[in-house]
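Below is one structure, written out as structure tokens; comments come after it.
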Amino acid sequence: MSKEEILELINAGFAPELIELEFNVPLEKINKYIKQEEKRKEEEANTQKATVQKKSQDEEKKRKELKTSKPAHPINTSNTSKKQPTNNKNTLDILRQNFKKFVSNESMSGSNTTTSSNYKVPTELEQDKVNQAITKIKSNSEAISQMTPTERREKRTTLENMISDFKSIIKVPKTMKQLQALHNYFQSRDLENLATSHDDKINQRLAKVRKTIAEELATVIEQVANQTSDIDELLYLSKQIPAFERNNSHFYTSAIKNRLDSRISQLRTAQTMYNMRNNVSPEIENILQSIANNTFDLQTARNAISQEAQRRVDSAPNTRFALTKERQEKQVEIQIRTIISEQGHKYPITNPGAAITNLMALFSERDKENSFVKVVENLTSQKKYNEAKELCSKYISRKSFDEEESSMSKRARRSYKDVVLIQIGNMITEQLQKPSNPEQDKIFMDLLEEHIQKERLSLNQIILGTTASGSKKITLDNIWYTNTKQK
């Protein structure tokens with residue numbers, strides 16, 4: 001998997017450990033990409049802060065200059081005592097509309113990059129016209145296959161007729177089955193190298209026809225694929241996309257296949273994550289409850305994980321893809337980490353310090369970072385934002401010139417900011433779900449914009465939710481009222 005694909009899954013909420021298991025990518029590599037992305041975002045935020053700061057300084061300088069300078073003519077202040085709004089429309093209503101569109105319409109999230117997402121079955125008249133042309137093409141293709149090598153000119157003339165028949169239906173919509181038939185007939189090796197002179201372009205014309213059919217077939221397959229989320233059906237469709245042809249690389253068809261395969265991978269991962277979050281055995285339920293209410297016993301938990309892993313091995317189909325007990329244990333550990341971090345409402349941690357210690361012992365972690373993050377996320381999912389920020393503050397050390405900040409302190413500082421951003425995102429989401437109220441909405445928007453400017457926050461850092469499929473996060477930047485052009 002590429003760096004971009006890994007980061008896309010991370011942004012969609014998939015755990016690094018799960019990506020390691022599902023796609024066989026080393027965890028060290030995934031964490032390296034995550035740190036690189038965090039560093040990039042930090043540098044981007046610092047640049048934005050510097051820009052905002054410079055702008056504020058420039059504006060302050062201009063204000064001072066205006067105060068000290070005397071106007072050449074008296075200014076009529078009768079109509080300027082109050083700042084008139086440039087737009088009377090409720091800006092929060094714009095955000096509400098945009099948010100609804102993003103939640104319900106997956107294509108707006110940027111996940112659908114196809115040329116056309118809708119597949120329309122050709123009419124009977126269109127199908128009949130294409131079938132008539134295919135019958136002629138098939139007949140000519142069979143005729144060429146029966147000709148001897150000495151009948152080169154006859155072959156060329158027959159190929160000319162095949163190309164002419166195809167051109168007659170080039171703009172007519174076709175079914176996937178019809179395109180597959182056309183693809184097969186024009187792929188025959190008997191059609192190749194039939195040029196009778198140096199200036200004869202028949203070979204190039206054949207290559208162009210092949211490319212056109214392959215691209216049209218791939219497009220129809222993608223359009224059909226957009227109408228289903230069944231993994232088996234998508235796997236079948238992916239196999240129908242024409243492969244690379246020698247000396248005629250189909251970059252267009254390759255891009256479609258990559259998009260389709262990427263979607264299959266995301267659906268598989270989403271299915272795994274759904275099962276992980278919702279299919280919880282009584283043994284794992286007991287471990288989660290014990291971590292939450294501080295009745296945790298290490299040996300009991302380890303025994304329960306071992307028994308659950310063995311149960312999964314025994315119940316899984318005996319194929320070459322079956323996971324070993326060791327890998328099943330790792331799956332169980334990922335399940336515990338994921339649920340304890342996301343479902344604070346169901347498993348509310350009452351003693352954060354003890355929970356960090358217990359998680360470290362359970363997962364044999366030498367440092368506190370991973371366990372600390374899971375506990376902070378648990379508190380955040382309970383909407384205990386102040387308690388989460390207090391926990392982060394305990395591990396944040398003061399920066400100094402002569403001593404480098406510890407890794408734990410850096411992690412706590414990032415987590416503190418994450419909690420703040422989640423808290424703001426939750427406040428905005430709650431406001432978006434309320435009925436429109438121009439007066440209250442204006443007060444909220446004024447406070448929000450003031451806070452964003454004061455804290456120098458980036459709109460794309462504030463997460464409001466996910467699209468209908470859960471595959472993409474919706475940021476404040478996606479729905480902001482000045483971004484009138486949908487992405």
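Chain identifiers are assigned as A, B, and so on, following the order in which chains appear in the structure tokens; residues are numbered from 1 within each chain, and ligands are numbered from 1 in order of appearance.
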Per residue of range 237-296 of chain A within 12 Å of range 341-352 of chain A, what are the shortest atom pair and its distance in Å to one decimal, counting only C-alpha atoms, with rows by chain and residue number, as a tab-separated table?
```
residue	atom	partner	partner_atom	distance
A:Met273	CA	A:Glu342	CA	11.9
A:Met276	CA	A:Glu342	CA	11.8
A:Arg277	CA	A:Gln343	CA	8.9
A:Asn278	CA	A:Gln343	CA	10.7
A:Ile284	CA	A:Tyr347	CA	12.0
A:Glu285	CA	A:Tyr347	CA	9.4
A:Asn286	CA	A:Tyr347	CA	10.4
A:Ile287	CA	A:Tyr347	CA	10.3
A:Leu288	CA	A:Tyr347	CA	6.7
A:Gln289	CA	A:Tyr347	CA	6.1
A:Ser290	CA	A:Tyr347	CA	9.1
A:Ile291	CA	A:Ile349	CA	7.0
A:Ala292	CA	A:Ile349	CA	4.0
A:Asn293	CA	A:Thr350	CA	5.8
A:Asn294	CA	A:Asn351	CA	6.6
A:Thr295	CA	A:Asn351	CA	10.5
A:Phe296	CA	A:Asn351	CA	11.4
```
What lies within 12 Å of Ser141 in chain A using only C-alpha atoms, ignoring chain neighbours under 5 positions off, as a compact mmCIF listing (two decimals) with C-alpha atoms, in the first residue's frame?
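Result file around35.txt:
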```txt
# COMPACT_ATOMS: atom_id res chain seq x y z
CA ILE A 134 -21.51 -7.28 -33.05
CA THR A 135 -22.95 -10.02 -35.27
CA LYS A 136 -21.13 -8.54 -38.30
CA GLN A 146 -9.86 -19.03 -41.19
CA MET A 147 -7.74 -17.17 -43.78
CA LYS A 155 -7.52 -9.98 -43.94
CA ARG A 156 -6.80 -6.26 -43.99
CA THR A 157 -9.99 -5.52 -45.95
CA THR A 158 -12.06 -7.60 -43.53
CA LEU A 159 -10.46 -5.81 -40.54
CA GLU A 160 -11.33 -2.50 -42.20
CA ASN A 161 -14.98 -3.65 -42.26
CA MET A 162 -14.80 -4.62 -38.56
CA ILE A 163 -13.47 -1.17 -37.61
CA ASP A 165 -18.89 -1.56 -38.03
CA ALA A 181 -17.83 -9.40 -26.63
CA LEU A 182 -16.36 -6.50 -28.64
CA HIS A 183 -13.21 -6.60 -26.54
CA ASN A 184 -12.75 -10.33 -27.18
CA TYR A 185 -13.28 -10.09 -30.97
CA PHE A 186 -10.84 -7.21 -31.42
CA GLN A 187 -8.20 -8.83 -29.21
CA SER A 188 -7.57 -11.69 -31.67
CA ARG A 189 -3.91 -11.98 -32.66
CA ASP A 190 -5.04 -12.70 -36.24
CA LEU A 191 -5.89 -8.99 -36.59
CA GLU A 192 -2.37 -7.78 -35.91
```
Pairwise distance for CA of Leu237 in chain A and CA of Tyr252 in chain A, rounded to one decimal in Å:
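Answer for the CA of Leu237 in chain A to CA of Tyr252 in chain A separation: 16.1 Å.
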I'd like to know which residues of range 328-486 of chain A are strand (DSSP E or B) (by DSSP, run on the backbone); could you write them as a PyMOL selection string?
chain A and resi 463-466+473-475
Could you save the residues just selected, with N, CA and C atoms, as a short mmCIF file (atom, residue, chain, number, x, y, z; two decimals), in the first residue's frame?
```
data_model
loop_
_atom_site.label_atom_id
_atom_site.label_comp_id
_atom_site.auth_asym_id
_atom_site.auth_seq_id
_atom_site.Cartn_x
_atom_site.Cartn_y
_atom_site.Cartn_z
N ILE A 463 -13.15 18.32 13.29
CA ILE A 463 -13.94 17.23 12.73
C ILE A 463 -15.38 17.31 13.25
N LEU A 464 -16.34 17.24 12.33
CA LEU A 464 -17.75 17.34 12.70
C LEU A 464 -18.48 16.01 12.64
N GLY A 465 -17.96 15.06 11.89
CA GLY A 465 -18.63 13.78 11.73
C GLY A 465 -18.07 13.05 10.52
N THR A 466 -18.83 12.10 10.02
CA THR A 466 -18.40 11.34 8.85
C THR A 466 -19.52 11.30 7.81
N LYS A 473 -14.13 11.67 6.81
CA LYS A 473 -14.46 12.62 7.87
C LYS A 473 -14.90 13.94 7.25
N ILE A 474 -15.85 14.60 7.92
CA ILE A 474 -16.31 15.92 7.48
C ILE A 474 -15.69 16.95 8.40
N THR A 475 -14.95 17.89 7.82
CA THR A 475 -14.32 18.94 8.61
C THR A 475 -15.12 20.24 8.48
#
```
Mind listing the alpha helix (DSSP H) residues of range 130-231 of chain A, per DSSP on the backbone, as a ChimeraX atom specification?
/A:130-146,152-167,176-186,202-225,231
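The two atoms in question, CA of Trp480 in chain A and CA of Asp446 in chain A, are spaced 13.8 Å apart.
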Can you list, as a list in words, every protein, DNA or RNA residue that comes within 12 Å of Leu323 in chain A when you count only C-alpha atoms, leaving out same-chain residues fewer than 5 positions away?
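Result of the neighbour search: Leu21, Glu22, Ala309, Gln310, Arg311, Arg312, Val313, Asp314, Ser315, Ala316, Pro317, Asn318, Gln328, Glu329, Lys330 and Gln331 of chain A.
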File of the preceding selection, C-alpha atoms, as a PDB file, in the first residue's frame:
```pdb
ATOM      1  CA  LEU A  21      -3.031  -7.190  10.095  1.00  0.00           C
ATOM      2  CA  GLU A  22      -5.356  -6.592   7.150  1.00  0.00           C
ATOM      3  CA  ALA A 309      -8.371 -16.437  20.402  1.00  0.00           C
ATOM      4  CA  GLN A 310      -8.609 -20.244  20.518  1.00  0.00           C
ATOM      5  CA  ARG A 311     -12.392 -20.094  20.058  1.00  0.00           C
ATOM      6  CA  ARG A 312     -11.936 -17.945  16.939  1.00  0.00           C
ATOM      7  CA  VAL A 313      -9.323 -20.343  15.532  1.00  0.00           C
ATOM      8  CA  ASP A 314     -11.640 -23.335  16.106  1.00  0.00           C
ATOM      9  CA  SER A 315     -14.677 -21.624  14.529  1.00  0.00           C
ATOM     10  CA  ALA A 316     -12.860 -20.152  11.491  1.00  0.00           C
ATOM     11  CA  PRO A 317     -12.844 -22.012   8.125  1.00  0.00           C
ATOM     12  CA  ASN A 318      -9.755 -24.176   7.737  1.00  0.00           C
ATOM     13  CA  GLN A 328      -6.040 -13.995  16.684  1.00  0.00           C
ATOM     14  CA  GLU A 329      -4.760 -12.878  20.095  1.00  0.00           C
ATOM     15  CA  LYS A 330      -3.445  -9.742  18.448  1.00  0.00           C
ATOM     16  CA  GLN A 331      -6.890  -9.189  16.883  1.00  0.00           C
TER      17      GLN A 331
END
```
Any idea what's packed within 12 Å of Glu449 in chain A, counting only C-alpha atoms, ignoring anything in its chain fewer than 2 positions away? Could you give it as a ChimeraX atom specification?
/A:91-92,424,428,442-447,451-459,476,480-481
Requested write-out: N, CA and C atoms of the selected residues, as a PDB file, in the first residue's frame:
```pdb
ATOM      1  N   THR A  91     -25.462  32.746   8.312  1.00  0.00           N
ATOM      2  CA  THR A  91     -24.323  31.928   7.866  1.00  0.00           C
ATOM      3  C   THR A  91     -24.372  30.524   8.449  1.00  0.00           C
ATOM      4  N   LEU A  92     -24.958  30.368   9.641  1.00  0.00           N
ATOM      5  CA  LEU A  92     -25.050  29.037  10.237  1.00  0.00           C
ATOM      6  C   LEU A  92     -26.023  28.156   9.454  1.00  0.00           C
ATOM      7  N   ILE A 424     -14.762  21.466  20.339  1.00  0.00           N
ATOM      8  CA  ILE A 424     -15.309  22.503  19.454  1.00  0.00           C
ATOM      9  C   ILE A 424     -16.192  21.871  18.378  1.00  0.00           C
ATOM     10  N   ILE A 428     -20.202  22.563  17.675  1.00  0.00           N
ATOM     11  CA  ILE A 428     -20.709  23.005  16.371  1.00  0.00           C
ATOM     12  C   ILE A 428     -21.783  22.043  15.866  1.00  0.00           C
ATOM     13  N   LYS A 442     -26.320  33.980  15.160  1.00  0.00           N
ATOM     14  CA  LYS A 442     -25.336  35.044  14.945  1.00  0.00           C
ATOM     15  C   LYS A 442     -24.374  35.136  16.124  1.00  0.00           C
ATOM     16  N   ILE A 443     -24.925  35.045  17.344  1.00  0.00           N
ATOM     17  CA  ILE A 443     -24.083  35.084  18.547  1.00  0.00           C
ATOM     18  C   ILE A 443     -23.095  33.927  18.531  1.00  0.00           C
ATOM     19  N   PHE A 444     -23.606  32.726  18.180  1.00  0.00           N
ATOM     20  CA  PHE A 444     -22.743  31.527  18.134  1.00  0.00           C
ATOM     21  C   PHE A 444     -21.634  31.690  17.097  1.00  0.00           C
ATOM     22  N   MET A 445     -21.986  32.160  15.890  1.00  0.00           N
ATOM     23  CA  MET A 445     -20.998  32.304  14.824  1.00  0.00           C
ATOM     24  C   MET A 445     -19.945  33.356  15.164  1.00  0.00           C
ATOM     25  N   ASP A 446     -20.373  34.440  15.793  1.00  0.00           N
ATOM     26  CA  ASP A 446     -19.410  35.482  16.195  1.00  0.00           C
ATOM     27  C   ASP A 446     -18.407  34.930  17.201  1.00  0.00           C
ATOM     28  N   LEU A 447     -18.917  34.179  18.187  1.00  0.00           N
ATOM     29  CA  LEU A 447     -18.035  33.585  19.200  1.00  0.00           C
ATOM     30  C   LEU A 447     -17.114  32.535  18.589  1.00  0.00           C
ATOM     31  N   HIS A 451     -13.085  32.748  18.435  1.00  0.00           N
ATOM     32  CA  HIS A 451     -12.270  31.707  19.073  1.00  0.00           C
ATOM     33  C   HIS A 451     -11.277  31.087  18.084  1.00  0.00           C
ATOM     34  N   ILE A 452     -11.751  30.817  16.870  1.00  0.00           N
ATOM     35  CA  ILE A 452     -10.874  30.224  15.847  1.00  0.00           C
ATOM     36  C   ILE A 452      -9.696  31.151  15.543  1.00  0.00           C
ATOM     37  N   GLN A 453      -9.995  32.444  15.444  1.00  0.00           N
ATOM     38  CA  GLN A 453      -8.937  33.420  15.149  1.00  0.00           C
ATOM     39  C   GLN A 453      -7.989  33.578  16.341  1.00  0.00           C
ATOM     40  N   LYS A 454      -8.558  33.624  17.543  1.00  0.00           N
ATOM     41  CA  LYS A 454      -7.744  33.809  18.748  1.00  0.00           C
ATOM     42  C   LYS A 454      -6.805  32.629  18.970  1.00  0.00           C
ATOM     43  N   GLU A 455      -7.325  31.411  18.807  1.00  0.00           N
ATOM     44  CA  GLU A 455      -6.527  30.199  19.026  1.00  0.00           C
ATOM     45  C   GLU A 455      -5.745  29.786  17.782  1.00  0.00           C
ATOM     46  N   ARG A 456      -5.963  30.537  16.680  1.00  0.00           N
ATOM     47  CA  ARG A 456      -5.275  30.271  15.408  1.00  0.00           C
ATOM     48  C   ARG A 456      -5.477  28.826  14.963  1.00  0.00           C
ATOM     49  N   LEU A 457      -6.732  28.433  14.941  1.00  0.00           N
ATOM     50  CA  LEU A 457      -7.084  27.072  14.543  1.00  0.00           C
ATOM     51  C   LEU A 457      -7.349  27.006  13.050  1.00  0.00           C
ATOM     52  N   SER A 458      -7.056  25.854  12.471  1.00  0.00           N
ATOM     53  CA  SER A 458      -7.334  25.623  11.061  1.00  0.00           C
ATOM     54  C   SER A 458      -8.695  24.946  10.934  1.00  0.00           C
ATOM     55  N   LEU A 459      -9.496  25.386   9.976  1.00  0.00           N
ATOM     56  CA  LEU A 459     -10.841  24.824   9.812  1.00  0.00           C
ATOM     57  C   LEU A 459     -10.815  23.329   9.507  1.00  0.00           C
ATOM     58  N   LEU A 476     -14.812  21.179   9.362  1.00  0.00           N
ATOM     59  CA  LEU A 476     -15.473  22.476   9.298  1.00  0.00           C
ATOM     60  C   LEU A 476     -15.141  23.186   7.990  1.00  0.00           C
ATOM     61  N   TRP A 480     -17.726  25.240   5.403  1.00  0.00           N
ATOM     62  CA  TRP A 480     -17.642  26.655   5.781  1.00  0.00           C
ATOM     63  C   TRP A 480     -18.355  27.539   4.763  1.00  0.00           C
ATOM     64  N   TYR A 481     -19.011  28.604   5.252  1.00  0.00           N
ATOM     65  CA  TYR A 481     -19.904  29.404   4.418  1.00  0.00           C
ATOM     66  C   TYR A 481     -19.182  30.155   3.293  1.00  0.00           C
TER      67      TYR A 481
END
```
Which residues come within 12 Å of Ser409 in chain A, counting only C-alpha atoms, excluding same-chain residues fewer than 6 positions away, as a list in words?
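My list of contacting residues is Lys368, Glu369, Phe372, Val373, Leu391, Cys392, Ser393, Lys394, Tyr395, Ile396, Ser397, Arg398, Lys399, Ser415 and Tyr416 of chain A.
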